[in-house]
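Colleague: What follows is work_6.cif, mmCIF, C-alpha atoms and all ligand atoms.
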```
data_structure
loop_
_atom_site.group_PDB
_atom_site.id
_atom_site.type_symbol
_atom_site.label_atom_id
_atom_site.label_comp_id
_atom_site.auth_asym_id
_atom_site.auth_seq_id
_atom_site.Cartn_x
_atom_site.Cartn_y
_atom_site.Cartn_z
ATOM 1 C CA MET A 743 -18.686 -13.763 12.187
ATOM 2 C CA LYS A 744 -16.055 -11.651 10.416
ATOM 3 C CA LYS A 745 -15.679 -9.460 13.455
ATOM 4 C CA GLN A 746 -15.029 -12.483 15.628
ATOM 5 C CA GLN A 747 -12.568 -13.901 13.111
ATOM 6 C CA LEU A 748 -10.663 -10.622 13.090
ATOM 7 C CA GLN A 749 -10.674 -10.435 16.869
ATOM 8 C CA GLU A 750 -9.100 -13.895 17.050
ATOM 9 C CA THR A 751 -6.308 -12.690 14.789
ATOM 10 C CA ILE A 752 -5.748 -9.565 16.854
ATOM 11 C CA ASP A 753 -5.811 -11.485 20.146
ATOM 12 C CA PHE A 754 -3.276 -13.985 18.787
ATOM 13 C CA LEU A 755 -0.880 -11.236 17.698
ATOM 14 C CA SER A 756 -1.260 -9.389 21.015
ATOM 15 C CA SER A 757 -0.487 -12.608 22.842
ATOM 16 C CA LYS A 758 2.692 -12.894 20.760
ATOM 17 C CA GLY A 759 3.834 -9.502 21.975
ATOM 18 C CA ILE A 760 2.686 -7.275 19.157
ATOM 19 C CA ASN A 761 1.443 -4.487 21.367
ATOM 20 C CA GLN A 762 0.809 -0.830 20.720
ATOM 21 C CA PRO A 763 2.237 -0.390 17.246
ATOM 22 C CA GLU A 764 1.954 3.287 16.322
ATOM 23 C CA ILE A 765 2.468 3.012 12.601
ATOM 24 C CA GLY A 766 1.424 0.372 10.080
ATOM 25 C CA ILE A 767 3.380 -0.059 6.877
ATOM 26 C CA VAL A 768 2.545 -2.029 3.740
ATOM 27 C CA LEU A 769 5.477 -2.784 1.468
ATOM 28 C CA GLY A 770 4.884 -3.184 -2.242
ATOM 29 C CA THR A 771 6.350 -5.434 -4.889
ATOM 30 C CA GLY A 772 10.141 -5.360 -4.855
ATOM 31 C CA LEU A 773 10.101 -2.954 -1.919
ATOM 32 C CA GLY A 774 11.084 -5.002 1.112
ATOM 33 C CA LYS A 775 14.302 -3.329 2.214
ATOM 34 C CA LEU A 776 12.757 -0.986 4.722
ATOM 35 C CA VAL A 777 12.652 -4.093 6.886
ATOM 36 C CA ASP A 778 16.473 -4.053 7.121
ATOM 37 C CA GLU A 779 16.241 -0.750 8.988
ATOM 38 C CA ILE A 780 13.877 -2.078 11.642
ATOM 39 C CA ASN A 781 14.956 -3.156 15.043
ATOM 40 C CA ILE A 782 12.933 -6.354 14.804
ATOM 41 C CA GLU A 783 11.242 -7.662 17.914
ATOM 42 C CA LYS A 784 8.873 -10.174 16.351
ATOM 43 C CA GLU A 785 8.472 -11.694 12.948
ATOM 44 C CA ILE A 786 5.467 -13.884 12.244
ATOM 45 C CA ALA A 787 4.796 -15.657 8.951
ATOM 46 C CA TYR A 788 1.278 -15.029 7.649
ATOM 47 C CA SER A 789 0.790 -18.787 7.569
ATOM 48 C CA GLU A 790 1.134 -18.891 11.381
ATOM 49 C CA ILE A 791 -1.467 -16.209 12.024
ATOM 50 C CA PRO A 792 -5.007 -17.509 12.603
ATOM 51 C CA ASN A 793 -7.455 -16.433 9.875
ATOM 52 C CA PHE A 794 -4.800 -14.496 7.965
ATOM 53 C CA PRO A 795 -4.762 -15.039 4.204
ATOM 54 C CA GLU A 796 -1.638 -16.721 2.932
ATOM 55 C CA ALA A 797 0.774 -15.027 0.533
ATOM 56 C CA THR A 798 1.151 -16.666 -2.846
ATOM 57 C CA VAL A 799 3.215 -14.404 -5.088
ATOM 58 C CA GLU A 800 6.745 -15.687 -4.867
ATOM 59 C CA PHE A 801 8.486 -12.303 -4.513
ATOM 60 C CA HIS A 802 6.473 -11.474 -1.422
ATOM 61 C CA SER A 803 7.868 -13.068 1.672
ATOM 62 C CA GLY A 804 4.563 -12.943 3.518
ATOM 63 C CA LYS A 805 5.205 -11.990 7.086
ATOM 64 C CA LEU A 806 4.199 -9.510 9.707
ATOM 65 C CA ILE A 807 7.110 -7.724 11.323
ATOM 66 C CA PHE A 808 6.981 -5.820 14.575
ATOM 67 C CA GLY A 809 9.748 -3.640 15.923
ATOM 68 C CA THR A 810 11.047 -0.110 16.179
ATOM 69 C CA LEU A 811 12.024 2.219 13.377
ATOM 70 C CA SER A 812 13.149 5.813 13.887
ATOM 71 C CA GLY A 813 12.191 5.385 17.543
ATOM 72 C CA LYS A 814 8.578 4.344 16.888
ATOM 73 C CA ASN A 815 6.791 1.038 17.213
ATOM 74 C CA VAL A 816 5.944 -0.143 13.736
ATOM 75 C CA VAL A 817 4.128 -3.134 12.328
ATOM 76 C CA VAL A 818 4.991 -3.998 8.768
ATOM 77 C CA MET A 819 3.240 -6.156 6.243
ATOM 78 C CA SER A 820 6.046 -7.548 4.179
ATOM 79 C CA GLY A 821 4.042 -8.958 1.319
ATOM 80 C CA ARG A 822 0.555 -7.795 0.443
ATOM 81 C CA PHE A 823 -2.464 -9.499 -1.062
ATOM 82 C CA HIS A 824 -3.754 -8.564 -4.498
ATOM 83 C CA LEU A 825 -7.169 -9.032 -6.030
ATOM 84 C CA TYR A 826 -5.448 -10.494 -9.086
ATOM 85 C CA GLU A 827 -4.251 -13.427 -7.011
ATOM 86 C CA GLY A 828 -7.858 -14.385 -6.476
ATOM 87 C CA TYR A 829 -8.272 -13.001 -2.970
ATOM 88 C CA THR A 830 -11.531 -11.312 -2.051
ATOM 89 C CA PRO A 831 -11.527 -7.586 -1.200
ATOM 90 C CA TRP A 832 -12.021 -8.616 2.457
ATOM 91 C CA GLU A 833 -8.878 -10.768 2.327
ATOM 92 C CA VAL A 834 -6.878 -8.094 0.498
ATOM 93 C CA THR A 835 -7.589 -5.630 3.305
ATOM 94 C CA TYR A 836 -7.534 -8.048 6.238
ATOM 95 C CA GLY A 837 -4.068 -6.887 7.257
ATOM 96 C CA ILE A 838 -5.229 -3.270 7.456
ATOM 97 C CA ARG A 839 -8.113 -4.190 9.744
ATOM 98 C CA THR A 840 -5.719 -6.297 11.801
ATOM 99 C CA MET A 841 -3.186 -3.478 12.199
ATOM 100 C CA HIS A 842 -6.024 -1.116 13.110
ATOM 101 C CA GLY A 843 -7.165 -3.566 15.779
ATOM 102 C CA LEU A 844 -3.619 -3.628 17.122
ATOM 103 C CA GLY A 845 -3.768 0.137 17.482
ATOM 104 C CA ILE A 846 -1.964 1.824 14.579
ATOM 105 C CA GLN A 847 -2.500 5.551 14.271
ATOM 106 C CA TYR A 848 -0.995 6.010 10.813
ATOM 107 C CA LEU A 849 -0.727 3.870 7.701
ATOM 108 C CA LEU A 850 2.129 4.167 5.193
ATOM 109 C CA ILE A 851 1.850 2.335 1.883
ATOM 110 C CA SER A 852 4.232 1.726 -0.992
ATOM 111 C CA ASN A 853 3.699 0.147 -4.375
ATOM 112 C CA ALA A 854 5.261 -0.359 -7.782
ATOM 113 C CA ALA A 855 3.343 1.374 -10.563
ATOM 114 C CA GLY A 856 3.547 2.240 -14.221
ATOM 115 C CA ALA A 857 3.956 5.896 -15.223
ATOM 116 C CA ILE A 858 1.009 7.195 -17.240
ATOM 117 C CA ASN A 859 2.202 10.782 -16.978
ATOM 118 C CA LEU A 860 5.098 10.610 -19.416
ATOM 119 C CA SER A 861 6.994 13.457 -17.812
ATOM 120 C CA TYR A 862 7.483 11.049 -14.898
ATOM 121 C CA LYS A 863 10.304 8.598 -15.483
ATOM 122 C CA LYS A 864 11.089 5.020 -14.622
ATOM 123 C CA GLY A 865 12.761 4.961 -11.197
ATOM 124 C CA ASP A 866 11.037 8.166 -9.988
ATOM 125 C CA LEU A 867 8.812 8.316 -6.920
ATOM 126 C CA MET A 868 5.254 9.616 -6.946
ATOM 127 C CA LEU A 869 3.224 10.684 -3.961
ATOM 128 C CA ILE A 870 -0.378 9.605 -4.440
ATOM 129 C CA GLU A 871 -2.658 12.573 -3.882
ATOM 130 C CA ASP A 872 -5.842 10.945 -5.143
ATOM 131 C CA HIS A 873 -6.996 7.792 -6.880
ATOM 132 C CA ILE A 874 -9.454 6.350 -9.364
ATOM 133 C CA ASN A 875 -10.728 2.898 -8.478
ATOM 134 C CA LEU A 876 -10.997 0.841 -11.665
ATOM 135 C CA GLN A 877 -10.953 -2.526 -9.944
ATOM 136 C CA GLY A 878 -14.693 -2.958 -10.158
ATOM 137 C CA ASN A 879 -15.263 -3.632 -6.484
ATOM 138 C CA SER A 880 -14.986 -2.209 -3.002
ATOM 139 C CA PRO A 881 -13.662 -3.691 0.240
ATOM 140 C CA LEU A 882 -16.706 -2.149 1.967
ATOM 141 C CA ALA A 883 -19.248 -4.022 -0.143
ATOM 142 C CA PHE A 884 -20.100 -7.031 2.022
ATOM 143 C CA SER A 885 -22.990 -7.834 4.307
ATOM 144 C CA GLU A 886 -21.268 -7.244 7.650
ATOM 145 C CA ALA A 887 -19.290 -4.184 6.606
ATOM 146 C CA LYS A 888 -21.435 -1.817 8.688
ATOM 147 C CA GLU A 889 -20.127 -3.446 11.854
ATOM 148 C CA PHE A 890 -16.704 -1.991 11.121
ATOM 149 C CA GLY A 891 -17.709 1.624 10.514
ATOM 150 C CA ASN A 892 -19.401 3.834 7.967
ATOM 151 C CA ILE A 893 -19.672 2.016 4.645
ATOM 152 C CA PHE A 894 -20.481 5.320 2.954
ATOM 153 C CA ALA A 895 -17.006 6.511 3.861
ATOM 154 C CA ASP A 896 -16.336 9.877 2.290
ATOM 155 C CA MET A 897 -13.373 10.078 -0.046
ATOM 156 C CA LEU A 898 -12.673 13.793 0.355
ATOM 157 C CA GLU A 899 -9.198 13.163 1.631
ATOM 158 C CA PRO A 900 -8.244 9.530 1.128
ATOM 159 C CA TYR A 901 -4.591 10.497 1.466
ATOM 160 C CA SER A 902 -3.801 12.658 4.473
ATOM 161 C CA LYS A 903 -2.930 16.200 3.423
ATOM 162 C CA LYS A 904 -0.891 16.620 6.569
ATOM 163 C CA LEU A 905 1.215 13.524 5.876
ATOM 164 C CA ASN A 906 1.605 14.476 2.219
ATOM 165 C CA GLU A 907 2.824 17.949 3.138
ATOM 166 C CA GLN A 908 5.375 16.409 5.479
ATOM 167 C CA LEU A 909 6.507 13.966 2.793
ATOM 168 C CA LYS A 910 7.007 16.753 0.260
ATOM 169 C CA VAL A 911 9.162 18.741 2.653
ATOM 170 C CA ILE A 912 11.219 15.659 3.520
ATOM 171 C CA ALA A 913 11.779 14.809 -0.143
ATOM 172 C CA GLN A 914 12.827 18.367 -0.900
ATOM 173 C CA ASN A 915 15.240 18.490 2.019
ATOM 174 C CA ASN A 916 16.828 15.261 0.839
ATOM 175 C CA ASP A 917 17.023 16.273 -2.826
ATOM 176 C CA ILE A 918 14.697 13.470 -3.821
ATOM 177 C CA THR A 919 12.286 14.059 -6.681
ATOM 178 C CA LEU A 920 8.799 13.270 -5.445
ATOM 179 C CA HIS A 921 6.140 13.799 -8.089
ATOM 180 C CA GLU A 922 2.514 14.053 -7.110
ATOM 181 C CA GLY A 923 -0.367 12.479 -8.889
ATOM 182 C CA VAL A 924 -3.457 10.398 -9.295
ATOM 183 C CA TYR A 925 -3.118 6.617 -9.071
ATOM 184 C CA ALA A 926 -5.449 4.403 -11.068
ATOM 185 C CA SER A 927 -5.969 0.940 -9.647
ATOM 186 C CA VAL A 928 -6.728 -1.845 -12.083
ATOM 187 C CA LEU A 929 -7.467 -5.493 -11.412
ATOM 188 C CA GLY A 930 -4.680 -6.998 -13.546
ATOM 189 C CA PRO A 931 -2.747 -9.201 -13.537
ATOM 190 C CA GLN A 932 -2.293 -8.649 -17.254
ATOM 191 C CA LEU A 933 -0.810 -5.304 -18.169
ATOM 192 C CA GLU A 934 -2.787 -2.699 -20.072
ATOM 193 C CA THR A 935 -3.475 -2.406 -23.768
ATOM 194 C CA ARG A 936 -2.496 0.688 -25.714
ATOM 195 C CA ALA A 937 -6.146 1.724 -25.706
ATOM 196 C CA GLU A 938 -6.281 1.338 -21.929
ATOM 197 C CA TYR A 939 -3.168 3.467 -21.505
ATOM 198 C CA ARG A 940 -4.766 6.120 -23.715
ATOM 199 C CA MET A 941 -7.890 5.919 -21.565
ATOM 200 C CA LEU A 942 -5.812 6.369 -18.414
ATOM 201 C CA GLN A 943 -4.228 9.470 -19.992
ATOM 202 C CA ILE A 944 -7.662 10.857 -20.851
ATOM 203 C CA LEU A 945 -8.747 10.218 -17.265
ATOM 204 C CA GLU A 946 -5.810 12.404 -16.216
ATOM 205 C CA THR A 947 -4.239 9.730 -14.098
ATOM 206 C CA ASP A 948 -0.488 9.763 -13.512
ATOM 207 C CA ALA A 949 0.250 6.186 -12.532
ATOM 208 C CA VAL A 950 -1.352 2.762 -12.771
ATOM 209 C CA GLY A 951 -1.045 -0.263 -10.536
ATOM 210 C CA MET A 952 -2.874 -3.241 -9.113
ATOM 211 C CA SER A 953 -2.955 -2.512 -5.391
ATOM 212 C CA THR A 954 -3.261 0.146 -2.676
ATOM 213 C CA VAL A 955 -6.766 1.453 -3.353
ATOM 214 C CA PRO A 956 -8.606 -1.271 -1.381
ATOM 215 C CA GLU A 957 -6.262 -0.713 1.565
ATOM 216 C CA VAL A 958 -6.793 3.053 1.445
ATOM 217 C CA ILE A 959 -10.584 2.687 1.307
ATOM 218 C CA VAL A 960 -10.515 0.501 4.409
ATOM 219 C CA ALA A 961 -8.166 2.940 6.148
ATOM 220 C CA LYS A 962 -10.733 5.616 5.398
ATOM 221 C CA GLN A 963 -13.566 3.545 6.869
ATOM 222 C CA LEU A 964 -11.436 3.084 9.984
ATOM 223 C CA ASN A 965 -10.320 6.730 10.106
ATOM 224 C CA ILE A 966 -6.619 5.930 9.891
ATOM 225 C CA PRO A 967 -4.672 8.799 8.313
ATOM 226 C CA CYS A 968 -2.694 7.300 5.468
ATOM 227 C CA CYS A 969 -0.234 8.126 2.730
ATOM 228 C CA ALA A 970 1.111 6.173 -0.228
ATOM 229 C CA ILE A 971 4.122 6.444 -2.489
ATOM 230 C CA SER A 972 4.456 4.752 -5.877
ATOM 231 C CA VAL A 973 7.794 3.733 -7.251
ATOM 232 C CA LEU A 974 7.431 4.157 -10.998
ATOM 233 C CA THR A 975 8.852 1.050 -12.556
ATOM 234 C CA ASP A 976 7.960 1.463 -16.223
ATOM 235 C CA GLU A 977 6.730 4.108 -18.630
ATOM 236 C CA CYS A 978 3.358 3.417 -20.173
ATOM 237 C CA ASP A 979 3.599 5.235 -23.492
ATOM 238 C CA PRO A 980 0.861 3.972 -25.809
ATOM 239 C CA LYS A 981 2.771 5.327 -28.802
ATOM 240 C CA ASN A 982 5.906 3.511 -27.828
ATOM 241 C CA LEU A 983 4.892 0.440 -25.962
ATOM 242 C CA ALA A 984 7.676 -1.918 -24.941
ATOM 243 C CA PRO A 985 7.038 -5.361 -23.493
ATOM 244 C CA VAL A 986 6.963 -5.201 -19.708
ATOM 245 C CA ASP A 987 9.141 -7.641 -17.906
ATOM 246 C CA ILE A 988 8.093 -8.326 -14.324
ATOM 247 C CA GLN A 989 11.716 -9.003 -13.360
ATOM 248 C CA ASP A 990 12.642 -5.593 -14.768
ATOM 249 C CA ILE A 991 9.844 -4.008 -12.718
ATOM 250 C CA ILE A 992 11.184 -5.645 -9.578
ATOM 251 C CA ALA A 993 14.771 -4.612 -10.399
ATOM 252 C CA THR A 994 13.712 -0.990 -11.009
ATOM 253 C CA ALA A 995 11.762 -0.972 -7.756
ATOM 254 C CA GLY A 996 14.852 -2.235 -5.948
ATOM 255 C CA LYS A 997 17.061 0.474 -7.435
ATOM 256 C CA ALA A 998 14.670 3.271 -6.482
ATOM 257 C CA GLU A 999 13.971 1.794 -3.075
ATOM 258 C CA PRO A 1000 16.661 3.618 -1.043
ATOM 259 C CA LYS A 1001 14.889 6.915 -1.800
ATOM 260 C CA LEU A 1002 11.618 5.523 -0.502
ATOM 261 C CA VAL A 1003 13.283 4.096 2.596
ATOM 262 C CA ALA A 1004 14.924 7.461 3.370
ATOM 263 C CA ILE A 1005 11.631 9.328 3.039
ATOM 264 C CA PHE A 1006 9.579 6.886 5.102
ATOM 265 C CA LYS A 1007 12.216 6.722 7.838
ATOM 266 C CA GLU A 1008 12.238 10.468 8.223
ATOM 267 C CA LEU A 1009 8.465 10.700 8.176
ATOM 268 C CA ILE A 1010 8.214 8.077 10.910
ATOM 269 C CA ASN A 1011 10.743 9.999 12.937
ATOM 270 C CA LYS A 1012 8.557 13.111 12.672
ATOM 271 C CA LEU A 1013 5.216 11.476 13.508
HETATM 272 N N1 LIG B 1 0.445 -1.435 -15.142
HETATM 273 C C1 LIG B 1 -0.137 -1.920 -14.065
HETATM 274 N N2 LIG B 1 0.504 -2.191 -12.968
HETATM 275 C C2 LIG B 1 1.804 -1.943 -12.932
HETATM 276 C C3 LIG B 1 2.474 -1.447 -14.022
HETATM 277 C C4 LIG B 1 1.765 -1.162 -15.191
HETATM 278 O O1 LIG B 1 2.315 -0.711 -16.205
HETATM 279 N N3 LIG B 1 3.773 -1.306 -13.658
HETATM 280 C C5 LIG B 1 3.872 -1.722 -12.395
HETATM 281 N N4 LIG B 1 2.678 -2.113 -11.946
#
```
Would you mind writing the structure in this file as structure tokens?
Modeller:
Amino acid sequence: MKKQQLQETIDFLSSKGINQPEIGIVLGTGLGKLVDEINIEKEIAYSEIPNFPEATVEFHSGKLIFGTLSGKNVVVMSGRFHLYEGYTPWEVTYGIRTMHGLGIQYLLISNAAGAINLSYKKGDLMLIEDHINLQGNSPLAFSEAKEFGNIFADMLEPYSKKLNEQLKVIAQNNDITLHEGVYASVLGPQLETRAEYRMLQILETDAVGMSTVPEVIVAKQLNIPCCAISVLTDECDPKNLAPVDIQDIIATAGKAEPKLVAIFKELINKL
């Protein structure tokens, strides 16, 4: 049933000319400008794609973009789905399965996250080297999941070491600070309490956010090498907690975005 549903989506997109994308990209909150760099061939609103979930959060435009970037065919999800919007884990990761069906060989992910490691500052970038899933569910926990691959997917290397090494070199060559760290995914949408921030420190996480982990788990089931960069949009100091303003998060993401765009563009060029 789910397999058939997904195939319909893939067939529709192929029939619209989305053929042989090499790289899939998911753009996080406030991080849509990479799209301006793409030589766009096709742009399809999620609402027009059969069986695709529909975007609800207003700052996500909700479309699939196909074109070339740094000489490669890319397919971009501009607007992602979050568990906190009420989507199921299957829906949250539907786009990843779709892009896999279309043929992507790499997956690049971005997100906005809070800095738990207080030596990392608002506006800095962090390469995710590992994660802790605190969302209380898995996108592989459904009855038909076996039809899509190993549900006992190993998590030895959820983020490709090869891609991460390349990203570090690129950042260094461009004088961009790229921290490395562990990303904790929470359900949200409320932000964390002081006690939760202290817990995240004790767990030795470096950043916290409400996305990415389901997508990475599915990428792992599908054997797609992936990498993810967090734009740190606020500092989560339990001793000095300031109210978080979502507009401020989006504005900070926007200011840091050119660094992310530069790094991703160069990585794509090298793949
Ligand atoms: N917590 C959770 N998610 C976030 C945060 C945060 O502080 N900042 C940006 N996304």
Colleague: Could you write out as JSON, numbers by chain the residues that the PyMOL selection byres (((chain A and resi 1002) around 12) and not hetatm) matches in the shown file?
Modeller: {"A": [769, 770, 772, 773, 774, 775, 776, 850, 851, 852, 853, 854, 865, 866, 867, 868, 869, 909, 912, 913, 916, 918, 919, 920, 970, 971, 972, 973, 974, 995, 996, 997, 998, 999, 1000, 1001, 1003, 1004, 1005, 1006, 1007, 1008, 1009]}
Colleague: Counting all atoms listed in the file, figure out which residue out of A:Cys968, A:Met841, A:Ala949, A:Leu825 gets nearest to ligand LIG 1 (chain B).
Modeller: A:Ala949
Colleague: Between A:Leu876, A:Val928, A:Val955, A:Ile791, which residue has the minimum interatomic distance to ligand LIG 1 (chain B), considering only C-alpha atoms and all ligand atoms?
Modeller: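 Ranked by minimum distance to ligand LIG 1 (chain B), first place goes to A:Val928.
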Colleague: Which distance in Å separates CA of Asn761 (chain A) and CA of Leu882 (chain A), to one decimal?
Modeller: 26.7 Å
Colleague: Using the chain letters and numbers from the file, give me the residues hit by the PyMOL selection byres (((not hetatm)) within 6 of (chain B and resi 1)), as a list in words.
Modeller: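 Output of the PyMOL selection byres (((not hetatm)) within 6 of (chain B and resi 1)): Ala854, Ala855, Gly856, Leu933, Val950, Gly951, Met952, Thr975, Asp976 and Cys978 of chain A.
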